[in-house]
>>> print(open('upload31.txt').read())   # compact mmCIF, C-alpha atoms
# COMPACT_ATOMS: atom_id res chain seq x y z
CA MET C 34 -9.70 -11.23 -18.74
CA PRO C 35 -8.30 -11.86 -15.23
CA GLU C 36 -10.57 -11.28 -12.27
CA LYS C 37 -10.15 -7.90 -10.57
CA THR C 38 -8.24 -7.90 -7.31
CA VAL C 39 -9.88 -6.51 -4.20
CA PHE C 40 -7.57 -3.49 -4.50
CA GLN C 41 -8.66 -2.82 -8.09
CA ARG C 42 -12.26 -3.03 -6.88
CA ILE C 43 -11.44 -0.42 -4.21
CA ILE C 44 -9.84 1.82 -6.87
CA ASP C 45 -12.99 1.40 -9.00
CA ARG C 46 -15.16 2.20 -5.95
CA GLU C 47 -16.90 -1.18 -6.10
CA ILE C 48 -15.85 -1.89 -2.51
CA PRO C 49 -15.86 0.80 0.19
CA ALA C 50 -12.64 1.73 1.97
CA GLU C 51 -11.57 4.42 4.41
CA ILE C 52 -9.41 6.40 2.01
CA VAL C 53 -6.73 8.57 3.59
CA TYR C 54 -4.99 9.75 0.40
CA GLU C 55 -5.60 9.74 -3.33
CA ASP C 56 -4.03 11.28 -6.39
CA ASP C 57 -3.96 10.40 -10.07
CA ARG C 58 -1.37 7.60 -9.57
CA SER C 59 -2.02 6.21 -6.11
CA LEU C 60 -4.57 5.40 -3.46
CA ALA C 61 -4.12 4.81 0.27
CA PHE C 62 -6.68 3.41 2.69
CA ARG C 63 -6.85 2.00 6.20
CA ASP C 64 -6.32 -1.75 6.54
CA ILE C 65 -9.45 -3.54 7.76
CA HIS C 66 -7.28 -5.85 9.94
CA PRO C 67 -4.72 -3.41 11.37
CA ALA C 68 -1.45 -4.73 12.77
CA ALA C 69 -0.69 -1.38 14.46
CA PRO C 70 -2.64 1.69 15.62
CA VAL C 71 -1.93 3.18 12.19
CA HIS C 72 -2.04 0.67 9.34
CA VAL C 73 -2.51 2.12 5.87
CA ILE C 74 -2.29 0.26 2.56
CA VAL C 75 -0.68 2.30 -0.23
CA ILE C 76 -1.19 1.10 -3.81
CA PRO C 77 -0.50 2.28 -7.32
CA LYS C 78 -3.61 2.69 -9.45
CA GLN C 79 -1.67 1.00 -12.25
CA PRO C 80 -1.98 -2.76 -11.83
CA ILE C 81 1.39 -4.28 -10.97
CA ALA C 82 1.13 -7.71 -9.38
CA THR C 83 4.29 -7.95 -7.28
CA VAL C 84 7.68 -6.34 -6.69
CA ASP C 85 9.02 -8.80 -9.28
CA ASP C 86 6.70 -7.25 -11.86
CA ILE C 87 7.99 -3.69 -11.46
CA ALA C 88 9.50 -2.60 -14.76
CA GLU C 89 12.15 0.06 -15.36
CA ALA C 90 9.35 2.21 -16.77
CA ASP C 91 7.69 2.08 -13.31
CA GLU C 92 10.64 3.71 -11.53
CA ALA C 93 8.98 7.13 -11.20
CA LEU C 94 5.72 5.56 -10.00
CA VAL C 95 7.45 3.54 -7.28
CA GLY C 96 9.38 6.62 -6.15
CA HIS C 97 6.11 8.53 -6.07
CA LEU C 98 4.60 5.89 -3.77
CA PHE C 99 7.41 6.46 -1.26
CA VAL C 100 6.80 10.22 -1.34
CA VAL C 101 3.10 9.50 -0.77
CA MET C 102 3.95 7.31 2.24
CA ARG C 103 6.11 10.07 3.73
CA THR C 104 3.24 12.54 3.23
CA ILE C 105 0.69 10.22 4.84
CA ALA C 106 3.00 9.52 7.79
CA ALA C 107 3.38 13.25 8.41
CA ARG C 108 -0.38 13.84 8.15
CA LEU C 109 -1.07 11.01 10.59
CA GLY C 110 1.43 12.30 13.14
CA LEU C 111 4.00 9.53 12.91
CA ALA C 112 6.88 11.83 13.87
CA ASN C 113 8.50 9.16 16.09
CA GLY C 114 8.81 6.75 13.17
CA TYR C 115 6.96 4.23 11.10
CA ARG C 116 7.58 1.03 9.19
CA VAL C 117 6.97 0.31 5.51
CA VAL C 118 6.48 -3.34 4.59
CA VAL C 119 6.07 -4.91 1.17
CA ASN C 120 5.63 -8.63 0.61
CA CYS C 121 6.52 -10.28 -2.68
CA GLY C 122 4.77 -13.54 -3.48
CA ARG C 123 2.76 -16.02 -1.52
CA ASP C 124 5.67 -17.40 0.53
CA ALA C 125 6.31 -13.87 1.82
CA GLY C 126 2.68 -13.44 2.81
CA GLN C 127 1.37 -11.49 -0.20
CA VAL C 128 -2.33 -12.33 -0.41
CA VAL C 129 -3.52 -9.71 -2.91
CA MET C 130 -1.57 -9.80 -6.17
CA HIS C 131 -1.54 -6.03 -6.61
CA LEU C 132 1.63 -4.26 -5.48
CA HIS C 133 1.00 -2.67 -2.10
CA PHE C 134 2.87 -1.22 0.81
CA HIS C 135 1.85 -1.47 4.46
CA LEU C 136 2.51 1.81 6.29
CA LEU C 137 2.55 0.94 10.00
CA GLY C 138 2.97 3.25 12.96
CA GLY C 139 1.69 4.48 16.28
CA ARG C 140 3.72 2.01 18.37
CA GLU C 141 7.26 0.73 18.75
CA PHE C 142 8.32 -2.17 16.54
CA GLY C 143 10.84 -4.87 17.31
CA TRP C 144 13.56 -6.31 15.13
CA PRO C 145 13.75 -8.70 13.45
CA PRO C 146 10.17 -8.56 12.20
CA GLY C 147 7.88 -11.63 12.12
>>> encode(input="upload31.txt", output="structure tokens")
Amino acid sequence: MPEKTVFQRIIDREIPAEIVYEDDRSLAFRDIHPAAPVHVIVIPKQPIATVDDIAEADEALVGHLFVVMRTIAARLGLANGYRVVVNCGRDAGQVVMHLHFHLLGGREFGWPPG
């Protein structure tokens, strides 16, 4: 059996996290190394490794995650805007192989990103 990712260990409450949102399909918590004043990681509870591993059957789940991000942004007062980032694979900077979205806000962002 593959080793649990750090995100699965957070879902299973084996590792503490500052949770800002949870429902039956998703979990969101503050990043421990924030890149902005607001930096929340949003994950599905269902293990999906990367964007490339999203199946057609996951369409409703992925849509749900975007609704969750909108809800969190509103709760955290990000009325002036926010950025959602997802990395796919090691070359893109994905370190944890569990699909996750970075919800960033609380400051202006430049373009193009890093």
>>> closest_residue(input="upload31.txt", among="C:Asp57, C:Arg108, C:Leu132, C:Val117", to="Pro146 of chain C", atoms="only C-alpha atoms")
C:Val117
>>> closest_residue(input="upload31.txt", among="C:Asn113, C:Ala106, C:Ala68, C:Pro77", to="Glu92 of chain C", atoms="only C-alpha atoms")
C:Pro77
>>> residues_around(input="upload31.txt", residues="Asp85 of chain C", least_positions_apart="6", cutoff="12 Å", atoms="all atoms listed in the file", output="VMD selection string")
chain C and resid 91 119 to 122 130 to 132
>>> closest_residue(input="upload31.txt", among="C:Val84, C:Ala61, C:Ala125, C:Ala112", to="Leu98 of chain C", atoms="only C-alpha atoms")
C:Ala61
>>> atom_distance(input="upload31.txt", atom1="atom CA of Thr104 of chain C", atom2="atom CA of Gly126 of chain C")
26.0 Å
>>> closest_residue(input="upload31.txt", among="C:Leu60, C:Gly139, C:Asp124, C:His133", to="Asp45 of chain C", atoms="only C-alpha atoms")
C:Leu60
>>> residues_near_point(input="upload31.txt", point="(3.3, 3.2, 7.8)", cutoff="8 Å", atoms="all atoms listed in the file", output="list in words")
Val71, His72, Val73, Met102, Ala106, Tyr115, Arg116, Val117, Val118, His135, Leu136, Leu137 and Gly138 of chain C
>>> atom_distance(input="upload31.txt", atom1="atom CA of Ala50 of chain C", atom2="atom CA of Gln127 of chain C")
19.4 Å
